[in-house]
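Have a look at target.pdb below; it lists PDB, C-alpha atoms.
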```
ATOM      1  CA  ALA A  38      66.644  89.298  -7.964
ATOM      2  CA  CYS A  39      65.856  86.210  -5.878
ATOM      3  CA  LEU A  40      64.155  88.370  -3.245
ATOM      4  CA  ALA A  41      62.142  90.092  -5.997
ATOM      5  CA  VAL A  42      60.924  86.715  -7.260
ATOM      6  CA  ARG A  43      60.161  85.488  -3.748
ATOM      7  CA  LEU A  44      58.052  88.584  -3.099
ATOM      8  CA  TYR A  45      56.295  88.314  -6.468
ATOM      9  CA  ASN A  46      55.360  84.676  -5.848
ATOM     10  CA  ASP A  47      54.007  85.267  -2.328
ATOM     11  CA  PRO A  48      50.217  85.673  -2.589
ATOM     12  CA  ALA A  49      50.013  86.580   1.097
ATOM     13  CA  GLU A  50      52.308  89.593   0.694
ATOM     14  CA  ALA A  51      50.106  92.680   0.315
ATOM     15  CA  ARG A  52      52.661  94.626  -1.722
ATOM     16  CA  SER A  53      54.334  91.763  -3.564
ATOM     17  CA  PHE A  54      54.345  93.322  -7.020
ATOM     18  CA  GLU A  55      55.700  96.624  -5.746
ATOM     19  CA  GLY A  56      58.438  94.666  -3.952
ATOM     20  CA  PHE A  57      59.224  92.814  -7.177
ATOM     21  CA  VAL A  58      59.533  96.050  -9.143
ATOM     22  CA  VAL A  59      61.715  97.783  -6.535
ATOM     23  CA  HIS A  60      64.033  94.815  -5.956
ATOM     24  CA  MET A  61      64.413  94.039  -9.660
ATOM     25  CA  HIS A  62      65.320  97.705 -10.142
ATOM     26  CA  MET A  63      68.117  97.317  -7.595
ATOM     27  CA  ALA A  64      69.196  93.967  -9.065
ATOM     28  CA  TRP A  65      69.525  95.480 -12.536
ATOM     29  CA  LEU A  66      71.379  98.506 -11.137
ATOM     30  CA  TYR A  67      73.877  96.305  -9.270
ATOM     31  CA  LEU A  68      74.320  94.012 -12.278
ATOM     32  CA  LEU A  69      75.084  96.898 -14.642
ATOM     33  CA  HIS A  70      77.407  98.541 -12.102
ATOM     34  CA  ALA A  71      79.257  95.208 -11.835
ATOM     35  CA  GLU A  72      79.581  95.030 -15.629
ATOM     36  CA  PHE A  73      80.864  98.609 -15.803
ATOM     37  CA  THR A  74      83.364  97.910 -13.012
ATOM     38  CA  ARG A  75      84.596  94.801 -14.826
ATOM     39  CA  ASP A  76      84.863  96.740 -18.113
ATOM     40  CA  GLY A  77      86.607  99.784 -16.591
ATOM     41  CA  ILE A  78      83.702 102.169 -17.280
ATOM     42  CA  ASP A  79      83.589 105.076 -14.819
ATOM     43  CA  PHE A  80      79.948 105.329 -13.737
ATOM     44  CA  ARG A  81      80.374 108.095 -11.190
ATOM     45  CA  HIS A  82      78.690 111.489 -11.579
ATOM     46  CA  ARG A  83      81.049 114.428 -11.963
ATOM     47  CA  ASP A  84      80.476 118.097 -11.217
ATOM     48  CA  PRO A  85      79.831 119.740 -14.617
ATOM     49  CA  GLN A  86      81.579 122.931 -13.435
ATOM     50  CA  ARG A  87      84.650 121.033 -12.187
ATOM     51  CA  PRO A  88      84.987 117.721 -14.084
ATOM     52  CA  THR A  89      87.774 116.474 -11.832
ATOM     53  CA  ARG A  90      85.449 116.688  -8.817
ATOM     54  CA  LEU A  91      82.962 113.880  -8.129
ATOM     55  CA  TRP A  92      79.418 114.624  -6.972
ATOM     56  CA  ARG A  93      78.708 113.409  -3.465
ATOM     57  CA  ILE A  94      75.519 112.810  -1.531
ATOM     58  CA  ASP A  95      75.876 112.556   2.243
ATOM     59  CA  GLY A  96      79.608 112.097   1.723
ATOM     60  CA  GLU A  97      79.232 109.212  -0.729
ATOM     61  CA  VAL A  98      80.139 109.410  -4.424
ATOM     62  CA  LYS A  99      76.986 109.548  -6.569
ATOM     63  CA  THR A 100      76.890 106.804  -9.197
ATOM     64  CA  TRP A 101      74.732 106.498 -12.275
ATOM     65  CA  GLU A 102      71.071 105.707 -11.724
ATOM     66  CA  LEU A 103      69.533 102.777 -13.588
ATOM     67  CA  LYS A 104      68.118 104.893 -16.427
ATOM     68  CA  LEU A 105      71.578 106.210 -17.299
ATOM     69  CA  CYS A 106      73.120 102.728 -16.954
ATOM     70  CA  VAL A 107      70.518 101.302 -19.340
ATOM     71  CA  ALA A 108      71.218 104.036 -21.904
ATOM     72  CA  GLN A 109      74.946 103.255 -21.668
ATOM     73  CA  ARG A 110      74.495  99.463 -21.969
ATOM     74  CA  TRP A 111      71.835  99.572 -24.712
ATOM     75  CA  PRO A 112      72.499 102.773 -26.704
ATOM     76  CA  HIS A 113      70.002 101.673 -29.372
ATOM     77  CA  ASP A 114      66.356 100.910 -28.730
ATOM     78  CA  ASP A 115      65.739  97.173 -28.344
ATOM     79  CA  ALA A 116      63.323  94.909 -26.470
ATOM     80  CA  VAL A 117      65.439  94.600 -23.309
ATOM     81  CA  ARG A 118      65.867  98.368 -23.077
ATOM     82  CA  GLN A 119      62.146  98.941 -23.677
ATOM     83  CA  ASN A 120      61.270  96.494 -20.901
ATOM     84  CA  LEU A 121      63.732  98.150 -18.515
ATOM     85  CA  ASP A 122      62.474 101.635 -19.396
ATOM     86  CA  PHE A 123      58.908 100.447 -18.720
ATOM     87  CA  PHE A 124      59.824  99.109 -15.283
ATOM     88  CA  ILE A 125      61.883 102.200 -14.392
ATOM     89  CA  ARG A 126      58.877 104.398 -15.153
ATOM     90  CA  LEU A 127      56.553 101.990 -13.312
ATOM     91  CA  ARG A 128      58.818 102.035 -10.239
ATOM     92  CA  ASN A 129      58.667 105.828 -10.271
ATOM     93  CA  LYS A 130      54.859 105.693 -10.384
ATOM     94  CA  PHE A 131      54.807 103.324  -7.393
ATOM     95  CA  GLU A 132      57.254 105.438  -5.460
ATOM     96  CA  HIS A 133      55.543 108.748  -6.077
ATOM     97  CA  ARG A 134      51.871 108.180  -6.793
ATOM     98  CA  HIS A 135      50.315 104.734  -7.060
ATOM     99  CA  ALA A 136      51.417 102.446  -4.246
ATOM    100  CA  SER A 137      47.848 101.169  -3.755
ATOM    101  CA  ALA A 138      47.424  99.669  -7.255
ATOM    102  CA  ASP A 139      49.729  96.728  -6.492
ATOM    103  CA  ALA A 140      47.605  93.558  -6.840
ATOM    104  CA  THR A 141      45.602  94.776  -9.785
ATOM    105  CA  LEU A 142      48.607  96.000 -11.708
ATOM    106  CA  ALA A 143      50.477  92.735 -11.095
ATOM    107  CA  VAL A 144      47.776  90.882 -13.031
ATOM    108  CA  ALA A 145      47.811  93.398 -15.883
ATOM    109  CA  VAL A 146      51.573  93.321 -16.473
ATOM    110  CA  ALA A 147      52.469  89.752 -15.496
ATOM    111  CA  GLY A 148      53.960  89.002 -18.915
ATOM    112  CA  TYR A 149      56.177  92.077 -18.737
ATOM    113  CA  ALA A 150      57.345  91.015 -15.275
ATOM    114  CA  HIS A 151      58.236  87.565 -16.578
ATOM    115  CA  ALA A 152      60.208  89.106 -19.469
ATOM    116  CA  HIS A 153      61.942  91.421 -16.966
ATOM    117  CA  LEU A 154      63.272  88.434 -15.029
ATOM    118  CA  VAL A 155      64.178  86.411 -18.149
ATOM    119  CA  ASN A 156      66.086  89.425 -19.527
ATOM    120  CA  PHE A 157      67.932  89.744 -16.211
ATOM    121  CA  GLU A 158      68.916  86.067 -16.266
ATOM    122  CA  GLU A 159      70.145  86.407 -19.856
ATOM    123  CA  GLU A 160      72.232  89.506 -19.086
ATOM    124  CA  LEU A 161      73.620  87.989 -15.880
ATOM    125  CA  THR A 162      74.758  84.731 -17.451
ATOM    126  CA  GLN A 163      76.121  86.395 -20.590
ATOM    127  CA  ALA A 164      78.113  88.892 -18.527
ATOM    128  CA  PHE A 165      79.368  86.625 -15.737
ATOM    129  CA  GLY A 166      78.783  83.019 -16.799
ATOM    130  CA  ALA A 167      76.450  80.135 -16.034
ATOM    131  CA  ASN A 168      77.708  79.814 -12.448
ATOM    132  CA  TRP A 169      75.739  82.981 -11.646
ATOM    133  CA  SER A 170      72.454  81.736 -13.120
ATOM    134  CA  LEU A 171      69.334  82.113 -11.011
ATOM    135  CA  ALA A 172      68.276  78.639 -12.169
ATOM    136  CA  THR A 173      69.936  76.961  -9.189
ATOM    137  CA  ARG A 174      68.397  79.435  -6.726
ATOM    138  CA  LEU A 175      64.773  79.608  -7.883
ATOM    139  CA  ARG A 176      62.070  76.970  -8.092
ATOM    140  CA  PHE A 177      59.391  76.607 -10.689
ATOM    141  CA  PRO A 178      56.247  78.055  -9.114
ATOM    142  CA  VAL A 179      53.169  75.956  -8.611
ATOM    143  CA  PHE A 180      50.111  77.817  -9.847
ATOM    144  CA  ILE A 181      46.704  77.496 -11.403
ATOM    145  CA  GLY A 182      47.136  77.328 -15.178
ATOM    146  CA  THR A 183      43.542  78.132 -16.043
ATOM    147  CA  PHE A 184      40.630  79.635 -14.188
ATOM    148  CA  THR A 185      36.927  78.998 -14.110
ATOM    149  CA  GLU A 186      34.647  81.394 -15.996
ATOM    150  CA  GLU A 187      34.022  83.122 -12.665
ATOM    151  CA  GLY A 188      37.762  83.464 -12.116
ATOM    152  CA  ASP A 189      38.232  84.938 -15.591
ATOM    153  CA  GLU A 190      35.447  87.441 -14.929
ATOM    154  CA  ALA A 191      37.011  88.383 -11.578
ATOM    155  CA  LEU A 192      40.325  89.068 -13.347
ATOM    156  CA  ARG A 193      38.594  91.274 -15.924
ATOM    157  CA  ARG A 194      36.876  93.254 -13.155
ATOM    158  CA  LEU A 195      40.187  93.572 -11.359
ATOM    159  CA  GLN A 196      41.881  94.969 -14.470
ATOM    160  CA  HIS A 197      39.114  97.544 -14.915
ATOM    161  CA  SER A 198      39.689  98.761 -11.354
ATOM    162  CA  ILE A 199      43.222  99.957 -12.203
ATOM    163  CA  PRO A 200      43.345 103.777 -12.171
ATOM    164  CA  LYS A 201      42.944 105.082 -15.740
ATOM    165  CA  GLU A 202      46.418 106.644 -15.741
ATOM    166  CA  LEU A 203      47.983 103.247 -15.022
ATOM    167  CA  ARG A 204      45.718 101.367 -17.466
ATOM    168  CA  THR A 205      46.881 103.552 -20.333
ATOM    169  CA  PHE A 206      50.487 103.554 -19.082
TER     170      PHE A 206
END
```
Once more with this new file: its structure as structure tokens, please.
Amino acid sequence: ACLAVRLYNDPAEARSFEGFVVHMHMAWLYLLHAEFTRDGIDFRHRDPQRPTRLWRIDGEVKTWELKLCVAQRWPHDDAVRQNLDFFIRLRNKFEHRHASADATLAVAVAGYAHAHLVNFEEELTQAFGANWSLATRLRFPVFIGTFTEEGDEALRRLQHSIPKELRTF
């Protein structure tokens, strides 16, 4: 999660938002796997034809992907699950179709990204305690709080340049 934040906050990194999305995806996956391990929940895929046999990929046991972990952790629809589902779908769009929309999309969904990190911090500290908080590892970013009229107009133009499929997503 710290790497995701570092990438997100680096204006010189060409694919910073994509890096944030991918690394937060992994951070959430590892966090939920750690919770399931602690709670004795078996999160390994089994062969439906032979339930005693585990599925393997390249010799390694296949474990639940993030979408399945999220459904297990939050069986009912709530704000955290909705945010995670959004970012899972967004990660899939980056991976398969829209890698070039990075900077523009980061502006459009900045609030969702902030909620994604806050939700992670909340889940992490609730599950494993305050000693695991990201608060001691991250700094408060220094940024421009408001923009000039020209800056606001540039942001609006930037948002309109997002491919239509991603704007409506």
Evaluate the PyMOL selection byres ((chain A and resi 91-102) around 6) against this structure - the residues, as a PDB file with C-alpha atoms, in the frame of the given file, please.
```pdb
ATOM      1  CA  PHE A  80      79.948 105.329 -13.737  1.00  0.00           C
ATOM      2  CA  ARG A  81      80.374 108.095 -11.190  1.00  0.00           C
ATOM      3  CA  HIS A  82      78.690 111.489 -11.579  1.00  0.00           C
ATOM      4  CA  ARG A  83      81.049 114.428 -11.963  1.00  0.00           C
ATOM      5  CA  ASP A  84      80.476 118.097 -11.217  1.00  0.00           C
ATOM      6  CA  ARG A  90      85.449 116.688  -8.817  1.00  0.00           C
ATOM      7  CA  LEU A 103      69.533 102.777 -13.588  1.00  0.00           C
ATOM      8  CA  LYS A 104      68.118 104.893 -16.427  1.00  0.00           C
ATOM      9  CA  LEU A 105      71.578 106.210 -17.299  1.00  0.00           C
TER      10      LEU A 105
END
```
Inset, instruction - Return as a ChimeraX atom specification the set of residues that the PyMOL selection byres ((chain A and resi 46) around 12) yields on the displayed structure. - result: /A:39-45,47-57,140,143,147,150-151,175-180
Output of the above residues as an mmCIF file, keeping the file's coordinate frame, restricted to C-alpha atoms:
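To be explicit, this is the file written out as result.cif:
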```cif
data_model
loop_
_atom_site.group_PDB
_atom_site.id
_atom_site.type_symbol
_atom_site.label_atom_id
_atom_site.label_comp_id
_atom_site.auth_asym_id
_atom_site.auth_seq_id
_atom_site.Cartn_x
_atom_site.Cartn_y
_atom_site.Cartn_z
ATOM 1 C CA CYS A 39 65.856 86.210 -5.878
ATOM 2 C CA LEU A 40 64.155 88.370 -3.245
ATOM 3 C CA ALA A 41 62.142 90.092 -5.997
ATOM 4 C CA VAL A 42 60.924 86.715 -7.260
ATOM 5 C CA ARG A 43 60.161 85.488 -3.748
ATOM 6 C CA LEU A 44 58.052 88.584 -3.099
ATOM 7 C CA TYR A 45 56.295 88.314 -6.468
ATOM 8 C CA ASP A 47 54.007 85.267 -2.328
ATOM 9 C CA PRO A 48 50.217 85.673 -2.589
ATOM 10 C CA ALA A 49 50.013 86.580 1.097
ATOM 11 C CA GLU A 50 52.308 89.593 0.694
ATOM 12 C CA ALA A 51 50.106 92.680 0.315
ATOM 13 C CA ARG A 52 52.661 94.626 -1.722
ATOM 14 C CA SER A 53 54.334 91.763 -3.564
ATOM 15 C CA PHE A 54 54.345 93.322 -7.020
ATOM 16 C CA GLU A 55 55.700 96.624 -5.746
ATOM 17 C CA GLY A 56 58.438 94.666 -3.952
ATOM 18 C CA PHE A 57 59.224 92.814 -7.177
ATOM 19 C CA ALA A 140 47.605 93.558 -6.840
ATOM 20 C CA ALA A 143 50.477 92.735 -11.095
ATOM 21 C CA ALA A 147 52.469 89.752 -15.496
ATOM 22 C CA ALA A 150 57.345 91.015 -15.275
ATOM 23 C CA HIS A 151 58.236 87.565 -16.578
ATOM 24 C CA LEU A 175 64.773 79.608 -7.883
ATOM 25 C CA ARG A 176 62.070 76.970 -8.092
ATOM 26 C CA PHE A 177 59.391 76.607 -10.689
ATOM 27 C CA PRO A 178 56.247 78.055 -9.114
ATOM 28 C CA VAL A 179 53.169 75.956 -8.611
ATOM 29 C CA PHE A 180 50.111 77.817 -9.847
#
```
Legend entry - Residues matched by the PyMOL selection byres ((chain A and resi 160) around 12), written as a PyMOL selection string: chain A and resi 64-65+68-69+71-72+107+110-111+117-118+153-159+161-167+169-171
Inset, instruction - Measure the distance from CA of Gln109 (chain A) to CA of His70 (chain A) in Å and round it to one decimal. - result: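 So the two atoms, CA of Gln109 (chain A) and CA of His70 (chain A), lie 10.9 Å apart.
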Inset, instruction - State, in Å with one decimal place, the distance from CA of Tyr149 (chain A) to CA of Ile78 (chain A). - result: 29.4 Å
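If all atoms listed in the file are the atoms counted, then among A:Leu192, A:Ala172, A:Ala108, A:Val59 the closest residue to Val144 (chain A) is A:Leu192.
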Legend entry - Distance of CA of Arg174 (chain A) from CA of Ala145 (chain A), expressed in Å to one decimal place: 26.5 Å
